[in-house]
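Printed here is model-v4.cif (mmCIF, C-alpha atoms):
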```cif
data_final
#
loop_
_atom_site.group_PDB
_atom_site.id
_atom_site.type_symbol
_atom_site.label_atom_id
_atom_site.label_comp_id
_atom_site.auth_asym_id
_atom_site.auth_seq_id
_atom_site.Cartn_x
_atom_site.Cartn_y
_atom_site.Cartn_z
ATOM 1 C CA MET K 1 93.121 91.420 91.414
ATOM 2 C CA GLU K 2 93.971 92.266 94.986
ATOM 3 C CA ASN K 3 97.499 93.393 95.712
ATOM 4 C CA ARG K 4 97.925 91.878 99.160
ATOM 5 C CA ASN K 5 101.562 91.502 100.176
ATOM 6 C CA HIS K 6 103.731 93.230 97.584
ATOM 7 C CA LYS K 7 104.150 96.961 97.104
ATOM 8 C CA ASP K 8 103.075 96.967 93.457
ATOM 9 C CA SER K 9 101.144 94.556 91.262
ATOM 10 C CA LEU K 10 102.249 93.251 87.889
ATOM 11 C CA PHE K 11 99.690 95.521 86.209
ATOM 12 C CA ILE K 12 101.058 98.629 87.939
ATOM 13 C CA ASP K 13 104.655 97.688 87.244
ATOM 14 C CA LEU K 14 104.086 96.889 83.580
ATOM 15 C CA PHE K 15 102.114 100.036 82.765
ATOM 16 C CA CYS K 16 103.700 102.487 85.188
ATOM 17 C CA LYS K 17 106.686 101.595 87.384
ATOM 18 C CA ASP K 18 108.898 99.622 85.015
ATOM 19 C CA LYS K 19 111.564 101.444 82.989
ATOM 20 C CA GLU K 20 109.307 100.928 79.968
ATOM 21 C CA GLY K 21 106.139 101.564 81.985
ATOM 22 C CA LYS K 22 105.347 105.007 80.596
ATOM 23 C CA GLN K 23 105.928 103.805 77.054
ATOM 24 C CA ASN K 24 103.545 100.920 77.683
ATOM 25 C CA PHE K 25 101.072 103.357 79.231
ATOM 26 C CA ILE K 26 101.189 105.602 76.160
ATOM 27 C CA SER K 27 100.565 102.566 73.963
ATOM 28 C CA LEU K 28 97.529 101.701 76.086
ATOM 29 C CA TYR K 29 96.350 105.319 76.052
ATOM 30 C CA ASN K 30 96.570 105.392 72.247
ATOM 31 C CA ALA K 31 94.556 102.170 72.026
ATOM 32 C CA LEU K 32 91.840 103.642 74.253
ATOM 33 C CA HIS K 33 91.649 106.965 72.405
ATOM 34 C CA ASN K 34 92.628 105.975 68.851
ATOM 35 C CA THR K 35 95.500 108.464 68.989
ATOM 36 C CA ASN K 36 99.180 108.365 68.085
ATOM 37 C CA LEU K 37 100.832 110.121 71.000
ATOM 38 C CA ASP K 38 104.576 109.722 71.332
ATOM 39 C CA LEU K 39 106.341 109.613 74.679
ATOM 40 C CA ALA K 40 109.073 111.912 73.391
ATOM 41 C CA THR K 41 106.604 114.732 72.733
ATOM 42 C CA THR K 42 103.964 113.975 75.383
ATOM 43 C CA THR K 43 104.144 114.968 79.031
ATOM 44 C CA VAL K 44 103.324 111.940 81.168
ATOM 45 C CA GLN K 45 103.449 112.278 84.949
ATOM 46 C CA GLU K 46 102.473 109.721 87.568
ATOM 47 C CA VAL K 47 100.186 110.883 90.381
ATOM 48 C CA ASN K 48 100.808 109.077 93.651
ATOM 49 C CA ILE K 49 98.125 108.744 96.300
ATOM 50 C CA GLU K 50 98.975 107.269 99.668
ATOM 51 C CA ASN K 51 96.695 104.906 101.553
ATOM 52 C CA VAL K 52 94.381 104.298 98.621
ATOM 53 C CA LEU K 53 93.797 100.732 99.822
ATOM 54 C CA TYR K 54 90.901 101.770 102.029
ATOM 55 C CA MET K 55 88.903 102.332 98.847
ATOM 56 C CA ALA K 56 89.947 98.884 97.542
ATOM 57 C CA LEU K 57 91.617 100.461 94.518
ATOM 58 C CA SER K 58 94.962 98.810 95.123
ATOM 59 C CA ASN K 59 95.554 98.094 91.437
ATOM 60 C CA ASP K 60 95.325 101.676 90.254
ATOM 61 C CA ILE K 61 97.378 103.878 87.969
ATOM 62 C CA ALA K 62 96.824 107.633 87.794
ATOM 63 C CA MET K 63 98.678 109.597 85.134
ATOM 64 C CA LEU K 64 98.613 113.176 83.918
ATOM 65 C CA VAL K 65 98.807 113.102 80.132
ATOM 66 C CA ASP K 66 99.292 116.640 78.801
ATOM 67 C CA ASN K 67 97.181 117.888 81.742
ATOM 68 C CA LYS K 68 94.470 115.254 81.291
ATOM 69 C CA LEU K 69 94.039 112.982 84.310
ATOM 70 C CA VAL K 70 93.711 109.332 83.296
ATOM 71 C CA VAL K 71 92.890 106.744 85.959
ATOM 72 C CA LEU K 72 93.248 103.044 85.169
ATOM 73 C CA VAL K 73 92.110 100.285 87.510
ATOM 74 C CA GLU K 74 92.712 96.585 86.864
ATOM 75 C CA HIS K 75 89.993 94.449 88.386
ATOM 76 C CA GLN K 76 89.698 90.672 88.525
ATOM 77 C CA SER K 77 86.850 90.175 90.941
ATOM 78 C CA THR K 78 83.191 90.919 90.234
ATOM 79 C CA ILE K 79 82.669 94.448 88.938
ATOM 80 C CA ASN K 80 81.494 96.646 91.794
ATOM 81 C CA GLU K 81 78.646 98.922 90.743
ATOM 82 C CA ASN K 82 79.819 101.443 93.339
ATOM 83 C CA MET K 83 83.007 102.049 91.368
ATOM 84 C CA PRO K 84 81.878 105.571 90.261
ATOM 85 C CA LEU K 85 81.327 106.539 93.894
ATOM 86 C CA ARG K 86 84.708 105.191 94.916
ATOM 87 C CA LEU K 87 86.396 106.964 92.019
ATOM 88 C CA LEU K 88 84.665 110.221 92.927
ATOM 89 C CA GLU K 89 86.390 110.065 96.298
ATOM 90 C CA TYR K 90 89.598 108.970 94.592
ATOM 91 C CA VAL K 91 89.713 111.872 92.153
ATOM 92 C CA SER K 92 88.844 114.320 94.920
ATOM 93 C CA ARG K 93 91.952 113.221 96.760
ATOM 94 C CA ILE K 94 93.992 113.683 93.600
ATOM 95 C CA TYR K 95 92.736 117.246 93.198
ATOM 96 C CA GLU K 96 93.511 117.931 96.859
ATOM 97 C CA GLN K 97 97.050 116.806 96.172
ATOM 98 C CA LEU K 98 97.446 118.738 92.929
ATOM 99 C CA ILE K 99 95.926 122.035 94.063
ATOM 100 C CA PRO K 100 97.404 123.839 97.107
ATOM 101 C CA SER K 101 94.672 124.447 99.677
ATOM 102 C CA GLU K 102 95.219 128.216 99.772
ATOM 103 C CA ASP K 103 94.759 128.469 95.995
ATOM 104 C CA ARG K 104 91.206 127.123 96.242
ATOM 105 C CA TYR K 105 90.040 130.343 97.904
ATOM 106 C CA GLU K 106 91.256 132.666 95.194
ATOM 107 C CA LYS K 107 88.657 134.499 93.141
ATOM 108 C CA LYS K 108 90.192 133.528 89.833
ATOM 109 C CA MET K 109 89.129 130.122 88.541
ATOM 110 C CA ILE K 110 91.708 127.390 88.993
ATOM 111 C CA LYS K 111 92.054 125.104 86.001
ATOM 112 C CA ILE K 112 92.115 121.398 86.861
ATOM 113 C CA PRO K 113 92.928 118.334 84.742
ATOM 114 C CA TYR K 114 89.994 116.731 82.961
ATOM 115 C CA PRO K 115 89.517 113.206 84.421
ATOM 116 C CA GLU K 116 88.880 109.930 82.605
ATOM 117 C CA PHE K 117 88.251 106.599 84.305
ATOM 118 C CA PHE K 118 88.850 103.125 82.915
ATOM 119 C CA VAL K 119 88.428 99.774 84.646
ATOM 120 C CA PHE K 120 90.041 96.771 82.961
ATOM 121 C CA TYR K 121 88.012 93.715 83.874
ATOM 122 C CA ASN K 122 89.913 90.450 83.846
ATOM 123 C CA GLY K 123 87.644 88.318 86.012
ATOM 124 C CA THR K 124 86.161 84.897 85.373
ATOM 125 C CA GLU K 125 82.491 85.872 85.336
ATOM 126 C CA ASP K 126 80.850 86.646 82.015
ATOM 127 C CA TYR K 127 80.835 90.384 81.343
ATOM 128 C CA PRO K 128 80.248 92.530 78.237
ATOM 129 C CA VAL K 129 83.208 93.531 76.085
ATOM 130 C CA GLU K 130 82.625 97.151 77.073
ATOM 131 C CA SER K 131 80.140 98.952 79.279
ATOM 132 C CA GLU K 132 79.777 102.072 81.400
ATOM 133 C CA LEU K 133 78.900 102.827 85.001
ATOM 134 C CA ARG K 134 77.652 106.281 85.983
ATOM 135 C CA LEU K 135 77.449 107.933 89.351
ATOM 136 C CA SER K 136 74.056 109.384 88.431
ATOM 137 C CA ASP K 137 72.587 105.868 88.262
ATOM 138 C CA ALA K 138 72.898 105.777 92.056
ATOM 139 C CA PHE K 139 71.187 109.112 92.708
ATOM 140 C CA ILE K 140 68.065 109.077 94.872
ATOM 141 C CA PHE K 141 65.471 111.570 93.688
ATOM 142 C CA PRO K 142 62.891 112.911 96.157
ATOM 143 C CA GLU K 143 59.962 112.321 93.801
ATOM 144 C CA GLU K 144 59.314 110.241 90.715
ATOM 145 C CA LYS K 145 58.278 113.384 88.842
ATOM 146 C CA TYR K 146 61.709 114.876 89.516
ATOM 147 C CA ASN K 147 63.324 115.431 86.156
ATOM 148 C CA VAL K 148 66.811 116.594 85.305
ATOM 149 C CA GLN K 149 66.779 118.605 82.113
ATOM 150 C CA ASN K 150 68.780 116.922 79.359
ATOM 151 C CA ASN K 151 70.186 114.517 81.968
ATOM 152 C CA LYS K 152 72.562 117.208 83.192
ATOM 153 C CA PHE K 153 73.534 116.469 86.765
ATOM 154 C CA SER K 154 75.406 118.777 89.069
ATOM 155 C CA VAL K 155 78.038 116.071 89.511
ATOM 156 C CA GLU K 156 78.769 113.033 87.356
ATOM 157 C CA ILE K 157 81.405 110.307 87.119
ATOM 158 C CA THR K 158 81.453 107.975 84.125
ATOM 159 C CA VAL K 159 83.577 104.834 84.299
ATOM 160 C CA LYS K 160 84.302 102.830 81.175
ATOM 161 C CA ILE K 161 84.569 99.093 81.853
ATOM 162 C CA VAL K 162 86.827 97.295 79.364
ATOM 163 C CA ASN K 163 86.787 93.491 79.377
ATOM 164 C CA ILE K 164 90.332 92.362 78.540
ATOM 165 C CA ASN K 165 89.772 88.607 78.783
ATOM 166 C CA THR K 166 91.308 87.177 75.629
ATOM 167 C CA GLU K 167 88.251 85.102 74.708
ATOM 168 C CA LYS K 168 86.245 88.324 74.356
ATOM 169 C CA ASN K 169 88.477 89.422 71.450
ATOM 170 C CA ASN K 170 88.298 93.052 72.469
ATOM 171 C CA PRO K 171 89.912 95.117 69.658
ATOM 172 C CA ILE K 172 91.921 97.039 72.240
ATOM 173 C CA LEU K 173 94.066 93.945 72.805
ATOM 174 C CA LYS K 174 95.224 94.035 69.183
ATOM 175 C CA GLN K 175 95.840 97.756 69.415
ATOM 176 C CA CYS K 176 97.992 97.439 72.538
ATOM 177 C CA LYS K 177 100.348 94.458 72.367
ATOM 178 C CA LYS K 178 101.502 94.734 75.970
ATOM 179 C CA LEU K 179 97.923 94.610 77.244
ATOM 180 C CA GLU K 180 97.244 91.545 75.086
ATOM 181 C CA GLU K 181 100.350 89.809 76.406
ATOM 182 C CA TYR K 182 99.440 90.730 79.975
ATOM 183 C CA SER K 183 96.001 89.151 79.506
ATOM 184 C CA LEU K 184 97.581 86.043 77.982
ATOM 185 C CA LEU K 185 99.853 85.682 81.010
ATOM 186 C CA ILE K 186 96.817 85.862 83.293
ATOM 187 C CA ASP K 187 95.225 83.133 81.142
ATOM 188 C CA TYR K 188 98.330 80.965 81.560
ATOM 189 C CA ILE K 189 98.269 81.438 85.326
ATOM 190 C CA ARG K 190 94.613 80.390 85.516
ATOM 191 C CA GLU K 191 95.264 77.320 83.369
ATOM 192 C CA SER K 192 98.252 76.371 85.508
ATOM 193 C CA LYS K 193 96.244 76.817 88.703
ATOM 194 C CA LYS K 194 93.826 74.154 87.496
ATOM 195 C CA GLU K 195 96.646 71.761 86.645
ATOM 196 C CA ASN K 196 98.836 72.460 89.661
ATOM 197 C CA PRO K 197 97.018 74.713 92.179
ATOM 198 C CA LYS K 198 99.856 74.841 94.679
ATOM 199 C CA ALA K 199 102.575 75.982 92.276
ATOM 200 C CA PRO K 200 101.127 77.513 89.104
ATOM 201 C CA LEU K 201 103.500 80.421 88.573
ATOM 202 C CA GLU K 202 106.626 78.645 87.313
ATOM 203 C CA GLN K 203 104.565 76.741 84.762
ATOM 204 C CA ALA K 204 102.731 79.865 83.620
ATOM 205 C CA ILE K 205 105.891 81.951 83.297
ATOM 206 C CA ASN K 206 107.672 79.179 81.369
ATOM 207 C CA LYS K 207 104.732 78.957 78.968
ATOM 208 C CA ALA K 208 104.799 82.726 78.488
ATOM 209 C CA LEU K 209 108.530 82.636 77.710
ATOM 210 C CA GLN K 210 108.044 79.769 75.254
ATOM 211 C CA ASN K 211 105.303 81.698 73.442
ATOM 212 C CA GLY K 212 107.133 85.030 73.451
ATOM 213 C CA VAL K 213 104.613 86.614 75.824
ATOM 214 C CA LEU K 214 106.220 89.467 77.784
ATOM 215 C CA SER K 215 109.448 87.508 77.307
ATOM 216 C CA GLU K 216 111.903 90.442 77.537
ATOM 217 C CA TYR K 217 110.109 91.818 80.573
ATOM 218 C CA LEU K 218 109.901 88.426 82.293
ATOM 219 C CA LYS K 219 113.592 87.671 81.667
ATOM 220 C CA ARG K 220 114.706 91.094 82.858
ATOM 221 C CA LYS K 221 112.704 91.102 86.092
ATOM 222 C CA SER K 222 112.010 87.432 86.729
ATOM 223 C CA THR K 223 112.564 87.426 90.500
ATOM 224 C CA GLU K 224 110.661 90.644 91.120
ATOM 225 C CA ILE K 225 107.783 89.536 88.911
ATOM 226 C CA LYS K 226 107.540 86.206 90.709
ATOM 227 C CA ASN K 227 107.329 88.074 94.012
ATOM 228 C CA MET K 228 104.508 90.213 92.642
ATOM 229 C CA LEU K 229 102.643 87.181 91.342
ATOM 230 C CA ILE K 230 103.159 85.227 94.545
ATOM 231 C CA ALA K 231 101.640 88.146 96.444
ATOM 232 C CA GLU K 232 98.689 88.235 94.060
ATOM 233 C CA TYR K 233 98.205 84.515 93.446
ATOM 234 C CA SER K 234 99.411 82.769 96.590
ATOM 235 C CA TYR K 235 97.504 79.511 96.886
ATOM 236 C CA GLU K 236 96.313 80.021 100.441
ATOM 237 C CA THR K 237 95.238 83.613 99.853
ATOM 238 C CA ASP K 238 93.525 82.728 96.599
ATOM 239 C CA ILE K 239 91.467 80.052 98.314
ATOM 240 C CA LYS K 240 90.524 82.520 101.047
ATOM 241 C CA VAL K 241 89.446 85.089 98.472
ATOM 242 C CA GLN K 242 87.393 82.536 96.550
ATOM 243 C CA ARG K 243 85.686 81.417 99.743
ATOM 244 C CA ARG K 244 85.062 85.008 100.795
ATOM 245 C CA GLU K 245 83.536 85.914 97.432
ATOM 246 C CA ALA K 246 81.378 82.788 97.491
ATOM 247 C CA TYR K 247 80.337 83.641 101.035
ATOM 248 C CA ARG K 248 79.389 87.172 100.001
ATOM 249 C CA GLU K 249 77.399 85.902 97.035
ATOM 250 C CA GLY K 250 75.649 83.348 99.212
ATOM 251 C CA LEU K 251 74.687 85.960 101.768
ATOM 252 C CA ALA K 252 73.686 88.656 99.292
ATOM 253 C CA GLU K 253 70.079 87.549 99.109
ATOM 254 C CA GLY K 254 69.832 87.229 102.877
ATOM 255 C CA ILE K 255 71.384 90.574 103.793
ATOM 256 C CA GLU K 256 68.269 92.592 102.983
ATOM 257 C CA GLN K 257 66.030 90.206 104.897
ATOM 258 C CA LYS K 258 68.291 90.465 107.938
ATOM 259 C CA ALA K 259 68.196 94.261 107.678
ATOM 260 C CA ILE K 260 64.393 94.129 107.490
ATOM 261 C CA GLU K 261 64.198 92.008 110.628
ATOM 262 C CA THR K 262 66.537 94.411 112.410
ATOM 263 C CA ALA K 263 64.418 97.338 111.287
ATOM 264 C CA LYS K 264 61.283 95.687 112.677
ATOM 265 C CA ASN K 265 62.992 95.252 116.046
ATOM 266 C CA PHE K 266 64.100 98.887 116.027
ATOM 267 C CA LEU K 267 60.539 99.970 115.275
ATOM 268 C CA LYS K 268 59.344 98.048 118.328
ATOM 269 C CA GLU K 269 61.923 99.937 120.389
ATOM 270 C CA GLY K 270 60.501 103.232 119.189
ATOM 271 C CA LEU K 271 63.370 104.457 116.986
ATOM 272 C CA SER K 272 62.449 106.909 114.246
ATOM 273 C CA VAL K 273 62.293 105.701 110.659
ATOM 274 C CA GLU K 274 65.161 108.053 109.797
ATOM 275 C CA GLN K 275 67.377 106.540 112.499
ATOM 276 C CA ILE K 276 66.496 103.020 111.405
ATOM 277 C CA ALA K 277 67.240 103.786 107.762
ATOM 278 C CA ARG K 278 70.676 105.061 108.718
ATOM 279 C CA CYS K 279 71.449 102.115 110.981
ATOM 280 C CA THR K 280 70.246 99.359 108.635
ATOM 281 C CA GLU K 281 71.128 101.096 105.325
ATOM 282 C CA LEU K 282 67.635 100.288 104.082
ATOM 283 C CA PRO K 283 65.910 102.887 101.884
ATOM 284 C CA LEU K 284 63.794 105.282 103.933
ATOM 285 C CA GLU K 285 60.759 104.332 101.851
ATOM 286 C CA LYS K 286 61.223 100.676 102.817
ATOM 287 C CA VAL K 287 61.401 101.498 106.526
ATOM 288 C CA GLN K 288 58.288 103.662 106.201
ATOM 289 C CA GLU K 289 56.475 100.688 104.640
ATOM 290 C CA LEU K 290 57.541 98.463 107.520
ATOM 291 C CA ALA K 291 56.290 101.051 110.015
ATOM 292 C CA LYS K 292 52.797 100.779 108.524
ATOM 293 C CA LEU K 293 52.564 97.024 108.976
#
```
Would you kindly transcribe this structure into structure tokens?
Amino acid sequence: MENRNHKDSLFIDLFCKDKEGKQNFISLYNALHNTNLDLATTTVQEVNIENVLYMALSNDIAMLVDNKLVVLVEHQSTINENMPLRLLEYVSRIYEQLIPSEDRYEKKMIKIPYPEFFVFYNGTEDYPVESELRLSDAFIFPEEKYNVQNNKFSVEITVKIVNINTEKNNPILKQCKKLEEYSLLIDYIRESKKENPKAPLEQAINKALQNGVLSEYLKRKSTEIKNMLIAEYSYETDIKVQRREAYREGLAEGIEQKAIETAKNFLKEGLSVEQIARCTELPLEKVQELAKL
């Protein structure tokens, strides 16, 4: 879900910014870890990162929970397989913020919070109930015979993808009532968009109130929540996003072919295979193959 015009999204507000946000976050944390932490006895601190939008992680929550760093990202478009890479950069910025630069040069080891990464998928495409993405899956090894002992890499990021669409019946929804109600509200909005695409929010919110879904929260912050939802689900913007995603999907198969044609032209101009690989983002091996033709 892209947060386009409003400072915070409904997801961020519900599980972080709202007066009950940290309590809701702890409930979600307990559902993820099968724990029984209590807000009264647990240190929960929000970590703010400015200008995170350039990594397209606009719907993110980063919390320190008793010195563990927990990053949550709500995601409604197609799952991006580069999420581990983006989160590697994300967590690096968090550590830069948490650790004073001069402390990093001390001889004594600096202890840093252990990070965990969760992406809550709420998109319309079919996706498993739970899955994982790893940074190591993207590593390029110099030779096929290259073998990492016991799959121990010098750097690794593991991202747990949790499908929170209600039809998937993910057990986490029953373990965290606020997350279940949030997902139901998203369902109502999608249903209303089909019935009345230009004004789905009033209908969806009324249905949520009638069914007791986030009712106290919706009554307490109705105007602010509508502003958030308008920013996220404005009709014109939604159509643009759908068209853009369809455009990207339609071009996906042709992108590589275009890059190959560009590489062939560069080869005729005498550029090195290394330069061409960098310019076209084709694998070096692919450019080397083209050079032999």
Between CA of Val119 (chain K) and CA of Leu72 (chain K), what distance in Å does the model show, to one decimal?
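A separation of 5.8 Å between them.
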As lines of an AutoDock Vina configuration file, please report the centre and edge lengths, rounded to one decimal in Å, of the axis-aligned box that holds all listed atoms of region 58-69 of chain K with 5 Å of padding on each of the six sides.
```
center_x = 96.7
center_y = 108.0
center_z = 87.0
size_x = 15.3
size_y = 29.8
size_z = 26.3
```
Within 12 Å of region 32-53 of chain K, which residues of region 102-199 of chain K come that close, and what is the closest atom pair and distance in Å for each? Count all atoms listed in the file and give it as a Markdown table.
```
| residue | atom | partner | partner_atom | distance |
| --- | --- | --- | --- | --- |
| K:Pro113 | CA | K:Val47 | CA | 11.8 |
| K:Glu116 | CA | K:Leu32 | CA | 10.9 |
| K:Phe117 | CA | K:Leu32 | CA | 11.1 |
| K:Phe118 | CA | K:Leu32 | CA | 9.2 |
| K:Val119 | CA | K:Leu32 | CA | 11.6 |
| K:Phe120 | CA | K:Leu32 | CA | 11.2 |
| K:Glu130 | CA | K:Leu32 | CA | 11.6 |
| K:Lys160 | CA | K:Leu32 | CA | 10.3 |
| K:Ile161 | CA | K:Leu32 | CA | 11.5 |
| K:Val162 | CA | K:Leu32 | CA | 9.6 |
| K:Asn170 | CA | K:Leu32 | CA | 11.3 |
| K:Pro171 | CA | K:Leu32 | CA | 9.9 |
| K:Ile172 | CA | K:Leu32 | CA | 6.9 |
| K:Leu173 | CA | K:Leu32 | CA | 10.1 |
| K:Lys174 | CA | K:Leu32 | CA | 11.4 |
| K:Gln175 | CA | K:Leu32 | CA | 8.6 |
| K:Cys176 | CA | K:Leu32 | CA | 8.9 |
| K:Leu179 | CA | K:Leu32 | CA | 11.3 |
```
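Excluding Glu289 (chain K) itself and same-chain residues fewer than 3 positions from it, the residues having an atom within 12 Å of it are Ile260, Ala263, Lys264, Leu267, Val273, Ala277, Leu282, Pro283, Leu284, Glu285, Lys286, Lys292 and Leu293 of chain K, counting all atoms listed in the file.
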Identify all residues satisfying the PyMOL selection byres ((chain K and resi 121-123) around 10) in the given file; provide them as a PyMOL selection string.
chain K and resi 1+73-79+118-120+124-130+161-166+183+186-187
Suppose a student applies the PyMOL selection byres ((chain K and resi 208-213) around 8) to this structure; what residues should they get, written as a count of residues only?
12
Evaluate the PyMOL selection byres ((chain K and resi 157) around 12) against this structure - the residues, as an NGL selection string, please.
:K and (82-92 or 114-118 or 132-139 or 152-156 or 158-160)
Write the residues of the preceding selection, restricted to C-alpha atoms, as a PDB file, in the coordinates of the input.
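To be explicit, this is the file written out as result_35.pdb:
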```
ATOM      1  CA  ASN K  82      79.819 101.443  93.339  1.00  0.00           C
ATOM      2  CA  MET K  83      83.007 102.049  91.368  1.00  0.00           C
ATOM      3  CA  PRO K  84      81.878 105.571  90.261  1.00  0.00           C
ATOM      4  CA  LEU K  85      81.327 106.539  93.894  1.00  0.00           C
ATOM      5  CA  ARG K  86      84.708 105.191  94.916  1.00  0.00           C
ATOM      6  CA  LEU K  87      86.396 106.964  92.019  1.00  0.00           C
ATOM      7  CA  LEU K  88      84.665 110.221  92.927  1.00  0.00           C
ATOM      8  CA  GLU K  89      86.390 110.065  96.298  1.00  0.00           C
ATOM      9  CA  TYR K  90      89.598 108.970  94.592  1.00  0.00           C
ATOM     10  CA  VAL K  91      89.713 111.872  92.153  1.00  0.00           C
ATOM     11  CA  SER K  92      88.844 114.320  94.920  1.00  0.00           C
ATOM     12  CA  TYR K 114      89.994 116.731  82.961  1.00  0.00           C
ATOM     13  CA  PRO K 115      89.517 113.206  84.421  1.00  0.00           C
ATOM     14  CA  GLU K 116      88.880 109.930  82.605  1.00  0.00           C
ATOM     15  CA  PHE K 117      88.251 106.599  84.305  1.00  0.00           C
ATOM     16  CA  PHE K 118      88.850 103.125  82.915  1.00  0.00           C
ATOM     17  CA  GLU K 132      79.777 102.072  81.400  1.00  0.00           C
ATOM     18  CA  LEU K 133      78.900 102.827  85.001  1.00  0.00           C
ATOM     19  CA  ARG K 134      77.652 106.281  85.983  1.00  0.00           C
ATOM     20  CA  LEU K 135      77.449 107.933  89.351  1.00  0.00           C
ATOM     21  CA  SER K 136      74.056 109.384  88.431  1.00  0.00           C
ATOM     22  CA  ASP K 137      72.587 105.868  88.262  1.00  0.00           C
ATOM     23  CA  ALA K 138      72.898 105.777  92.056  1.00  0.00           C
ATOM     24  CA  PHE K 139      71.187 109.112  92.708  1.00  0.00           C
ATOM     25  CA  LYS K 152      72.562 117.208  83.192  1.00  0.00           C
ATOM     26  CA  PHE K 153      73.534 116.469  86.765  1.00  0.00           C
ATOM     27  CA  SER K 154      75.406 118.777  89.069  1.00  0.00           C
ATOM     28  CA  VAL K 155      78.038 116.071  89.511  1.00  0.00           C
ATOM     29  CA  GLU K 156      78.769 113.033  87.356  1.00  0.00           C
ATOM     30  CA  THR K 158      81.453 107.975  84.125  1.00  0.00           C
ATOM     31  CA  VAL K 159      83.577 104.834  84.299  1.00  0.00           C
ATOM     32  CA  LYS K 160      84.302 102.830  81.175  1.00  0.00           C
TER      33      LYS K 160
END
```
Can you measure CA of Lys19 (chain K) to CA of Val70 (chain K) for me? One decimal in Å is fine.
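Distance between the two atoms: 19.5 Å.
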